[in-house]
Every structure is written in structure tokens, then in C-alpha cells.
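See structure below.
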Amino acid sequence: MAFAWLPGAAGDIARGAVTTILLIAVTTLAGTFLSILGAAGRRNGPVLLKRAIAWYVEVMRNTPFLVQLFFIFFGLPSLGIRLDPVLAAILAMTLNMAAYTIEIVGAGLDAVPPGQTEAALALGLRPRQVFVKIVLPQALKVIYPALTSQIVIMMLESAVVSQIAVRELTYEADMLQARTFRSFETYLVVTLVYLVLSLALRRLLVTGGRRVLGAGVS
Amino acid sequence: MIEFTFWDIVRNLLLAARWTVLLSLAAFVGGGVVGMVVLFFRIAKNKWSRRVASSYIALFQGTPLLMQLFLMFFGLPMLGLRIEPWTAAVLGLTFFASAYLAEIWRSGVDALPRGQWDAGASLGLHYLQELSLIILPQAFSITRAPTVGFLVQLIKSTALTSIIGFEELVRTSNAINNATFEPFKVYGLVALIFFVMCFPLTQYARSLERRAAH
């Protein structure tokens, strides 16, 4: 094994890592928002919407992320929807993550006792206020650990978006190994970078969650 | 350019899907066997044994599967082994599966009351007998739903082996797409084939979960 190439490659690896972090940051925000809408729609929406959300969840959960990505990036242009690689990657990641987190958020909503809603309504809050201010914060607190795991899983899965030439960490690794002819060493280093990223992301989410959502979040 | 009719595409995809199924089964069985070994280490009395097994699991759960496959594909030749995509794919997915299965089963072992071990010991069973006669059967039985759930994840994960050059469903679909320029149809069909493979298993896992809840 030889690592003489490493000092010269550190910049590329760092740039790739930053892109990976940005991708997962945007996906986390968009995915969580979408799954809150989805979970609420699945509980309180009209029948057709409920059914559509249920099917969406099943389709996304029972097909590979790579195929979803290819379908969005290569398939959608034939419907006239052309996305650049970064947008396609973010869309695919968000839609994929939401399919898992809709169920998670839903479980959290179910875990909030109905008495909370009744009490809030009795205090004169409007239904939307009840959801946003009373039910949702409690639900998020319950499901936060599961949500954290899902975000880390998505970060690891995002390695695949290198296949549509998004210049994230794996893409930089592919380019580096083509240049250095040190494939194993390159992927070893980048794998370790991913390991550090996933550990750091989990740590960040746990401490951040504890601060925002209060104690009891682990 | 070669003309592909709709049925040509479907036939080629279904032929390729055989490799997806075979790879999933091989990795599931292989992962089960290696996972058992990891499980033994993970629940052993020796602290260092447990620590090694936890690190093994954390390593596979904390890095992308794609990187694991690349390391297999490029790493094994450095050990002097001639390696083809099929070998790299099976080995890579086997180790990946072993870590997840060991962790799933470990949760089953942990869920059993302490009294099960004590009862086994008071009957005069030694450690291996306790494990094989009392602990593991119950641990497997209560973790059947997540085990099937993981099989679904494994089937979907085989898609990544297309990237290291294994000719399964997704790699074949890329080739067909390059010839037909009909990505919407081709990837739609691929998604459908995966769905047909995974959905019944997902439903089965769900029914197991419901049965366990009652």
C-alpha cells in the first residue's frame, strides 16, 4: 500500500465531503418537512390522498434507491422534466427518505395521547395550531432517535449519486483512483472519511436534538 | 442499432433478474452463516470478544455499501486472489449482511429475560447447550420480522453490484437503455420487477410483526 498521493488529494476529498454534507443537509430538511405533510395527510386527508401516500411509501420502500435515481435522472426527461445532476440527486434522496420517515413521523403522531389535542382545542387553538404547536413537537421528540438513524442511513446511501456525476465524496474517490492507480488505498481512505462523517453526524444530531427538543432525546 | 420490442426488453430483464435473485440468496445464506459467528462473538462473556464484534458491526453499518464493494473488488486482488465481479459481489454483500443480521439477532438475545439463562444453567446445561436449545431458538423466533425486512433491504442492495460490473438486473437495464434510449420504460420495468420481488416479503414481514404484537 502506498499513500504518497494523499497530501495532494486532501483538497479533492474535502471538497467531496462538503458536497456530501450539503446533500444530506438539504435532504434532511426537505425530507422531514415532506414526511410531516405525508404523515398528516395519511391520517387526516381525503381517502384518495391517503391511498396515494400509502402507495408512494410502498413503491419507494420496495425498489432500490439506485433505480429511483436513474428513473428520475434518465427517465423523467422523456416527460419533459430535465433536472441537473445535483437537483436530481436531492429530489431522489428526499423522495426516498420521506418514504421511510413518513412511517416514522406517523408512529410519533399516533404516540401523542388524544387528550393533548382535546385539551388544546378546548383552550381555543385552531386545528392547525394544535398540530404545529402541540402534537408535532411531542411526536418529533418521540421519534427523534429513529429519525436520526434514517438520516445517517441516507447519508451513506448518497454514495450512489456519484453514478449520475454529482461531484460528492464517492465521485471524487472515483476520479482520484483513476488518476493515482491506487484504487484500494483511495477507497480505504474515503471509506474512513465516510465512517467519521457518519459518527460525527450522529453525534451532532443527538446533541442538537437534545438542545432543541429538550431532555430525554438520546 | 438493434431493434428491441417491448417483450425483448422484458425477457432480457427477467433473465437478468435471475442473477439478482441468486445473488440475494447467496448473500442472505452467506450472511446468515457469518452473522452467526459474529453473533457468538457479540454475546460472548469475554469483554474483548464483544468489543471486536461491536466494532465489526459498527464498521459495516457506518460506511456505505458501495465503498465496501469497491474495497472487496480492488482489495482482494492485492491479497493475490483473482477476483471477478461475482465473487466481489457475493463476498461484499455477505459481510454486509452478516453485520446487520448479527445485530438483529443480538437484539433478540438481549430481549430475552435473564431468567432464561438461569433456568438453562439450573438444568445443568453448559453454555453451548443453553445457546442452541434455549436462547437462540427464541431469539430467532422473535426477530423473524426484522430478518425478513432485512432480506428486502438486501435484495435492493444487490443493485449496487452493477457498479462494480456484476451483470444483474440494473447493469443489464443500463445496457438495454443505451441501445433503446427508452429510460422511462426500461427503469420503470426494473423498478416493477424489484417491487414484485420485494413487496410480498414486505407484507410477510408486516404480518409477522402483527402476529408478534398480539
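Lettering and numbering for the C-alpha cells are positional, with chains as A, B, ... in the shown order, residues counted from 1 in each chain, and ligands counted from 1 in the shown order.
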- Task: Might you pull out every residue within 10 Å of B:Phe195, with only C-alpha atoms counted and same-chain residues fewer than 2 positions away left off, and present them as a VMD selection string?
- Result: (chain A and resid 58 to 64) or (chain B and resid 152 156 189 to 193 197 to 202)
Can I get the selected residues back with C-alpha atoms, as a PDB file, in the first residue's frame?
```pdb
ATOM      1  CA  GLU A  58     -44.760   1.049  -0.697  1.00  0.00           C
ATOM      2  CA  VAL A  59     -43.247   1.788  -4.108  1.00  0.00           C
ATOM      3  CA  MET A  60     -40.281   3.678  -2.680  1.00  0.00           C
ATOM      4  CA  ARG A  61     -39.602   1.153   0.062  1.00  0.00           C
ATOM      5  CA  ASN A  62     -39.704  -1.831  -2.270  1.00  0.00           C
ATOM      6  CA  THR A  63     -37.414  -0.571  -5.048  1.00  0.00           C
ATOM      7  CA  PRO A  64     -33.672   0.205  -4.910  1.00  0.00           C
TER       8      PRO A  64
ATOM      9  CA  VAL B 152     -35.826  -6.925   1.397  1.00  0.00           C
ATOM     10  CA  LYS B 156     -32.472  -3.849  -3.077  1.00  0.00           C
ATOM     11  CA  LEU B 189     -39.800  -2.008 -15.666  1.00  0.00           C
ATOM     12  CA  VAL B 190     -36.743  -2.595 -13.491  1.00  0.00           C
ATOM     13  CA  ALA B 191     -38.471  -0.846 -10.600  1.00  0.00           C
ATOM     14  CA  LEU B 192     -41.549  -3.012 -11.215  1.00  0.00           C
ATOM     15  CA  ILE B 193     -39.501  -6.239 -11.157  1.00  0.00           C
ATOM     16  CA  MET B 197     -39.765  -9.375  -5.620  1.00  0.00           C
ATOM     17  CA  CYS B 198     -39.798  -7.177  -2.512  1.00  0.00           C
ATOM     18  CA  PHE B 199     -43.434  -6.300  -1.866  1.00  0.00           C
ATOM     19  CA  PRO B 200     -44.623  -9.812  -0.895  1.00  0.00           C
ATOM     20  CA  LEU B 201     -41.686 -10.095   1.507  1.00  0.00           C
ATOM     21  CA  THR B 202     -42.501  -6.684   2.993  1.00  0.00           C
TER      22      THR B 202
END
```
Can you work out which residues from chain B touch chain A at a cut-off of 8 Å (counting only C-alpha atoms) and hand them back as a PDB file with N, CA and C atoms, in the first residue's frame?
```
ATOM      1  N   LEU B  59     -18.570  -0.873  11.914  1.00  0.00           N
ATOM      2  CA  LEU B  59     -17.821  -0.569  10.691  1.00  0.00           C
ATOM      3  C   LEU B  59     -18.709  -0.750   9.458  1.00  0.00           C
ATOM      4  N   GLY B  62     -21.591   1.770   9.461  1.00  0.00           N
ATOM      5  CA  GLY B  62     -21.214   3.180   9.427  1.00  0.00           C
ATOM      6  C   GLY B  62     -20.534   3.606   8.139  1.00  0.00           C
ATOM      7  N   THR B  63     -20.440   2.687   7.173  1.00  0.00           N
ATOM      8  CA  THR B  63     -19.828   3.042   5.886  1.00  0.00           C
ATOM      9  C   THR B  63     -20.766   2.636   4.756  1.00  0.00           C
ATOM     10  N   PRO B  64     -20.667   3.304   3.602  1.00  0.00           N
ATOM     11  CA  PRO B  64     -21.576   2.961   2.502  1.00  0.00           C
ATOM     12  C   PRO B  64     -21.264   1.565   1.944  1.00  0.00           C
ATOM     13  N   LEU B  65     -22.314   0.839   1.605  1.00  0.00           N
ATOM     14  CA  LEU B  65     -22.133  -0.480   0.991  1.00  0.00           C
ATOM     15  C   LEU B  65     -21.304  -0.374  -0.291  1.00  0.00           C
ATOM     16  N   LEU B  66     -21.509   0.713  -1.024  1.00  0.00           N
ATOM     17  CA  LEU B  66     -20.755   0.885  -2.276  1.00  0.00           C
ATOM     18  C   LEU B  66     -19.250   0.873  -2.023  1.00  0.00           C
ATOM     19  N   MET B  67     -18.823   1.543  -0.922  1.00  0.00           N
ATOM     20  CA  MET B  67     -17.397   1.543  -0.573  1.00  0.00           C
ATOM     21  C   MET B  67     -16.941   0.139  -0.194  1.00  0.00           C
ATOM     22  N   GLN B  68     -17.773  -0.578   0.542  1.00  0.00           N
ATOM     23  CA  GLN B  68     -17.419  -1.949   0.925  1.00  0.00           C
ATOM     24  C   GLN B  68     -17.213  -2.808  -0.318  1.00  0.00           C
ATOM     25  N   PHE B  70     -16.385  -1.721  -3.357  1.00  0.00           N
ATOM     26  CA  PHE B  70     -15.143  -1.276  -4.014  1.00  0.00           C
ATOM     27  C   PHE B  70     -13.923  -1.874  -3.324  1.00  0.00           C
ATOM     28  N   LEU B  71     -13.934  -1.869  -1.984  1.00  0.00           N
ATOM     29  CA  LEU B  71     -12.782  -2.386  -1.245  1.00  0.00           C
ATOM     30  C   LEU B  71     -12.602  -3.884  -1.506  1.00  0.00           C
ATOM     31  N   PHE B  74     -11.300  -4.182  -5.283  1.00  0.00           N
ATOM     32  CA  PHE B  74      -9.916  -3.763  -5.517  1.00  0.00           C
ATOM     33  C   PHE B  74      -8.961  -4.326  -4.476  1.00  0.00           C
ATOM     34  N   GLY B  75      -9.493  -4.731  -3.319  1.00  0.00           N
ATOM     35  CA  GLY B  75      -8.627  -5.167  -2.228  1.00  0.00           C
ATOM     36  C   GLY B  75      -8.219  -6.626  -2.341  1.00  0.00           C
ATOM     37  N   VAL B 152     -35.365  -7.906   2.388  1.00  0.00           N
ATOM     38  CA  VAL B 152     -35.826  -6.925   1.397  1.00  0.00           C
ATOM     39  C   VAL B 152     -34.727  -5.903   1.123  1.00  0.00           C
ATOM     40  N   LYS B 156     -32.644  -5.177  -2.479  1.00  0.00           N
ATOM     41  CA  LYS B 156     -32.472  -3.849  -3.077  1.00  0.00           C
ATOM     42  C   LYS B 156     -30.991  -3.493  -3.181  1.00  0.00           C
ATOM     43  N   SER B 157     -30.202  -3.929  -2.191  1.00  0.00           N
ATOM     44  CA  SER B 157     -28.780  -3.590  -2.190  1.00  0.00           C
ATOM     45  C   SER B 157     -28.013  -4.250  -3.328  1.00  0.00           C
ATOM     46  N   ALA B 159     -28.564  -4.079  -6.232  1.00  0.00           N
ATOM     47  CA  ALA B 159     -28.486  -3.118  -7.339  1.00  0.00           C
ATOM     48  C   ALA B 159     -27.102  -2.465  -7.406  1.00  0.00           C
ATOM     49  N   LEU B 160     -26.472  -2.281  -6.242  1.00  0.00           N
ATOM     50  CA  LEU B 160     -25.173  -1.600  -6.206  1.00  0.00           C
ATOM     51  C   LEU B 160     -24.067  -2.414  -6.870  1.00  0.00           C
ATOM     52  N   VAL B 170     -29.848  -4.322 -12.802  1.00  0.00           N
ATOM     53  CA  VAL B 170     -29.630  -2.906 -13.096  1.00  0.00           C
ATOM     54  C   VAL B 170     -28.579  -2.723 -14.201  1.00  0.00           C
ATOM     55  N   GLU B 182     -34.773   4.349 -24.169  1.00  0.00           N
ATOM     56  CA  GLU B 182     -36.100   4.458 -23.566  1.00  0.00           C
ATOM     57  C   GLU B 182     -35.995   4.308 -22.045  1.00  0.00           C
ATOM     58  N   PRO B 183     -35.305   5.262 -21.412  1.00  0.00           N
ATOM     59  CA  PRO B 183     -35.035   5.101 -19.977  1.00  0.00           C
ATOM     60  C   PRO B 183     -36.299   5.009 -19.135  1.00  0.00           C
ATOM     61  N   PHE B 184     -37.329   5.760 -19.522  1.00  0.00           N
ATOM     62  CA  PHE B 184     -38.561   5.782 -18.736  1.00  0.00           C
ATOM     63  C   PHE B 184     -39.140   4.374 -18.636  1.00  0.00           C
ATOM     64  N   LYS B 185     -39.224   3.718 -19.804  1.00  0.00           N
ATOM     65  CA  LYS B 185     -39.773   2.378 -19.864  1.00  0.00           C
ATOM     66  C   LYS B 185     -38.850   1.373 -19.162  1.00  0.00           C
ATOM     67  N   TYR B 187     -36.242   1.699 -16.933  1.00  0.00           N
ATOM     68  CA  TYR B 187     -36.076   1.796 -15.483  1.00  0.00           C
ATOM     69  C   TYR B 187     -37.406   1.611 -14.762  1.00  0.00           C
ATOM     70  N   GLY B 188     -38.505   1.978 -15.431  1.00  0.00           N
ATOM     71  CA  GLY B 188     -39.820   1.706 -14.862  1.00  0.00           C
ATOM     72  C   GLY B 188     -40.029   0.206 -14.696  1.00  0.00           C
ATOM     73  N   VAL B 190     -37.666  -2.094 -14.515  1.00  0.00           N
ATOM     74  CA  VAL B 190     -36.743  -2.595 -13.491  1.00  0.00           C
ATOM     75  C   VAL B 190     -37.335  -2.363 -12.103  1.00  0.00           C
ATOM     76  N   ALA B 191     -37.858  -1.151 -11.896  1.00  0.00           N
ATOM     77  CA  ALA B 191     -38.471  -0.846 -10.600  1.00  0.00           C
ATOM     78  C   ALA B 191     -39.615  -1.816 -10.338  1.00  0.00           C
ATOM     79  N   LEU B 192     -40.410  -2.100 -11.371  1.00  0.00           N
ATOM     80  CA  LEU B 192     -41.549  -3.012 -11.215  1.00  0.00           C
ATOM     81  C   LEU B 192     -41.077  -4.413 -10.814  1.00  0.00           C
ATOM     82  N   PHE B 194     -38.279  -5.267  -9.293  1.00  0.00           N
ATOM     83  CA  PHE B 194     -37.840  -5.226  -7.889  1.00  0.00           C
ATOM     84  C   PHE B 194     -39.045  -5.198  -6.958  1.00  0.00           C
ATOM     85  N   PHE B 195     -40.052  -4.417  -7.335  1.00  0.00           N
ATOM     86  CA  PHE B 195     -41.240  -4.292  -6.492  1.00  0.00           C
ATOM     87  C   PHE B 195     -41.915  -5.649  -6.325  1.00  0.00           C
ATOM     88  N   CYS B 198     -39.909  -7.664  -3.891  1.00  0.00           N
ATOM     89  CA  CYS B 198     -39.798  -7.177  -2.512  1.00  0.00           C
ATOM     90  C   CYS B 198     -41.136  -7.042  -1.796  1.00  0.00           C
ATOM     91  N   PHE B 199     -42.167  -6.640  -2.525  1.00  0.00           N
ATOM     92  CA  PHE B 199     -43.434  -6.300  -1.866  1.00  0.00           C
ATOM     93  C   PHE B 199     -44.032  -7.475  -1.075  1.00  0.00           C
ATOM     94  N   THR B 202     -42.157  -7.770   2.076  1.00  0.00           N
ATOM     95  CA  THR B 202     -42.501  -6.684   2.993  1.00  0.00           C
ATOM     96  C   THR B 202     -43.815  -6.990   3.702  1.00  0.00           C
TER      97      THR B 202
END
```
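Proximity to stretch 137-146 of chain B at 10 Å, evaluated using only C-alpha atoms and with sequence-adjacent residues fewer than 4 positions away removed, yields Leu101, Ile104, Trp105, Arg106, Ser107, Gly108, Val109, Asp110, Ala111, Leu112, Gln116, Leu131, Ser132, Leu133, Phe150, Leu151, Val152, Leu201, Thr202, Tyr204, Ala205, Arg206, Ser207, Leu208, Glu209, Arg210, Arg211 and Ala212 of chain B.
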Selected residues written out with C-alpha atoms, as a JSON list (two decimals), in the first residue's frame:
```json
[["chain", "number", "residue", "atom", "x", "y", "z"],
["B", 101, "LEU", "CA", -28.13, -9.98, 10.80],
["B", 104, "ILE", "CA", -30.80, -8.04, 14.57],
["B", 105, "TRP", "CA", -30.37, -11.39, 16.30],
["B", 106, "ARG", "CA", -28.38, -9.81, 19.12],
["B", 107, "SER", "CA", -31.38, -7.60, 19.84],
["B", 108, "GLY", "CA", -33.43, -10.80, 20.09],
["B", 109, "VAL", "CA", -30.97, -12.34, 22.54],
["B", 110, "ASP", "CA", -30.99, -9.15, 24.62],
["B", 111, "ALA", "CA", -34.78, -9.10, 24.68],
["B", 112, "LEU", "CA", -34.94, -12.46, 26.46],
["B", 116, "GLN", "CA", -33.95, -18.00, 30.57],
["B", 131, "LEU", "CA", -27.48, -21.11, 23.46],
["B", 132, "SER", "CA", -28.59, -23.73, 20.98],
["B", 133, "LEU", "CA", -31.52, -25.18, 22.97],
["B", 150, "PHE", "CA", -33.51, -7.10, 6.10],
["B", 151, "LEU", "CA", -33.84, -9.60, 3.24],
["B", 152, "VAL", "CA", -35.83, -6.93, 1.40],
["B", 201, "LEU", "CA", -41.69, -10.10, 1.51],
["B", 202, "THR", "CA", -42.50, -6.68, 2.99],
["B", 204, "TYR", "CA", -44.89, -11.05, 5.04],
["B", 205, "ALA", "CA", -42.61, -9.15, 7.43],
["B", 206, "ARG", "CA", -45.55, -6.94, 8.36],
["B", 207, "SER", "CA", -47.82, -9.90, 9.08],
["B", 208, "LEU", "CA", -45.09, -11.46, 11.24],
["B", 209, "GLU", "CA", -44.84, -8.19, 13.11],
["B", 210, "ARG", "CA", -48.59, -8.09, 13.68],
["B", 211, "ARG", "CA", -48.57, -11.68, 14.89],
["B", 212, "ALA", "CA", -45.75, -10.85, 17.28]]
```
- Task: Give me, please, the distance in Å between atom CA of A:Ile13 and atom CA of B:Met72, quoted to one decimal.
- Result: 20.8 Å
- Task: Skip stretch 137-145 of chain A itself and residues of its chain fewer than 5 positions away, then list as number ranges by chain all residues within 8 Å of it, counting only C-alpha atoms.
- Result: A: 104-105, 107-112, 132, 206, 209, 213, 217-218
- Query: Pick the closest to A:Ser149 from A:Thr101, A:Ser162, A:Thr94, A:Asn44: which is it, counting only C-alpha atoms?
  - Reply: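 Answer, going by the shortest atom-to-atom distance: A:Thr101.
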- Task: Tell me which of A:Gly214, A:Gly106, A:Gly16, A:Pro113 sits closest to A:Ala54, counting only C-alpha atoms.
- Result: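 Checking each candidate against A:Ala54, we get A:Gly106 as the closest.
For stretch 18-27 of chain B, the list of residues within 8 Å, based on only C-alpha atoms and with local chain neighbours fewer than 6 positions off taken out, reads Ala89, Val90, Leu91, Leu93, Thr94, Ala97, Leu151, Leu154, Ile155, Thr158, Ala159, Glu167, Glu168 and Leu169 of chain B.
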Please produce a file of the residues just selected, as a PDB file, in the first residue's frame, where the atoms kept are N, CA and C atoms.
```pdb
ATOM      1  N   ALA B  89     -19.056  -9.340  -5.441  1.00  0.00           N
ATOM      2  CA  ALA B  89     -20.435  -9.020  -5.071  1.00  0.00           C
ATOM      3  C   ALA B  89     -20.913  -9.939  -3.957  1.00  0.00           C
ATOM      4  N   VAL B  90     -20.690 -11.245  -4.113  1.00  0.00           N
ATOM      5  CA  VAL B  90     -21.165 -12.193  -3.100  1.00  0.00           C
ATOM      6  C   VAL B  90     -20.451 -11.950  -1.775  1.00  0.00           C
ATOM      7  N   LEU B  91     -19.115 -11.812  -1.817  1.00  0.00           N
ATOM      8  CA  LEU B  91     -18.367 -11.601  -0.574  1.00  0.00           C
ATOM      9  C   LEU B  91     -18.758 -10.288   0.088  1.00  0.00           C
ATOM     10  N   LEU B  93     -21.525  -8.467  -0.191  1.00  0.00           N
ATOM     11  CA  LEU B  93     -22.874  -8.490   0.373  1.00  0.00           C
ATOM     12  C   LEU B  93     -22.963  -9.447   1.557  1.00  0.00           C
ATOM     13  N   THR B  94     -22.159 -10.523   1.526  1.00  0.00           N
ATOM     14  CA  THR B  94     -22.165 -11.472   2.645  1.00  0.00           C
ATOM     15  C   THR B  94     -21.696 -10.793   3.929  1.00  0.00           C
ATOM     16  N   ALA B  97     -24.288  -8.254   5.022  1.00  0.00           N
ATOM     17  CA  ALA B  97     -25.461  -8.907   5.626  1.00  0.00           C
ATOM     18  C   ALA B  97     -25.112  -9.470   7.006  1.00  0.00           C
ATOM     19  N   LEU B 151     -33.954  -8.931   4.545  1.00  0.00           N
ATOM     20  CA  LEU B 151     -33.840  -9.597   3.238  1.00  0.00           C
ATOM     21  C   LEU B 151     -34.290  -8.659   2.122  1.00  0.00           C
ATOM     22  N   LEU B 154     -31.606  -6.310   1.497  1.00  0.00           N
ATOM     23  CA  LEU B 154     -30.503  -6.973   0.809  1.00  0.00           C
ATOM     24  C   LEU B 154     -30.787  -7.100  -0.687  1.00  0.00           C
ATOM     25  N   ILE B 155     -32.025  -7.475  -1.023  1.00  0.00           N
ATOM     26  CA  ILE B 155     -32.399  -7.605  -2.440  1.00  0.00           C
ATOM     27  C   ILE B 155     -32.192  -6.258  -3.140  1.00  0.00           C
ATOM     28  N   THR B 158     -28.534  -5.370  -3.849  1.00  0.00           N
ATOM     29  CA  THR B 158     -27.821  -6.025  -4.954  1.00  0.00           C
ATOM     30  C   THR B 158     -27.684  -5.083  -6.147  1.00  0.00           C
ATOM     31  N   ALA B 159     -28.564  -4.079  -6.232  1.00  0.00           N
ATOM     32  CA  ALA B 159     -28.486  -3.118  -7.339  1.00  0.00           C
ATOM     33  C   ALA B 159     -27.102  -2.465  -7.406  1.00  0.00           C
ATOM     34  N   GLU B 167     -23.243  -8.450 -13.658  1.00  0.00           N
ATOM     35  CA  GLU B 167     -24.347  -8.393 -14.632  1.00  0.00           C
ATOM     36  C   GLU B 167     -25.672  -8.797 -14.000  1.00  0.00           C
ATOM     37  N   GLU B 168     -26.242  -7.947 -13.159  1.00  0.00           N
ATOM     38  CA  GLU B 168     -27.568  -8.277 -12.646  1.00  0.00           C
ATOM     39  C   GLU B 168     -28.588  -7.366 -13.312  1.00  0.00           C
ATOM     40  N   LEU B 169     -29.715  -7.227 -12.661  1.00  0.00           N
ATOM     41  CA  LEU B 169     -30.836  -6.509 -13.255  1.00  0.00           C
ATOM     42  C   LEU B 169     -30.490  -5.073 -13.681  1.00  0.00           C
TER      43      LEU B 169
END
```
- Distance query A:Leu87 at most 12 Å, only C-alpha atoms, self and fewer than 5 positions along chain excluded, as a PyMOL selection string: chain A and resi 23+26-27+69+72-73+81-82+92-94+161+164-166
- Query: What is the distance, in Å and to one decimal place, between atom CA of A:Ala98 and atom CA of A:Ser35?
  - Reply: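 If I compute the distance from atom CA of A:Ala98 to atom CA of A:Ser35, I get 5.0 Å.
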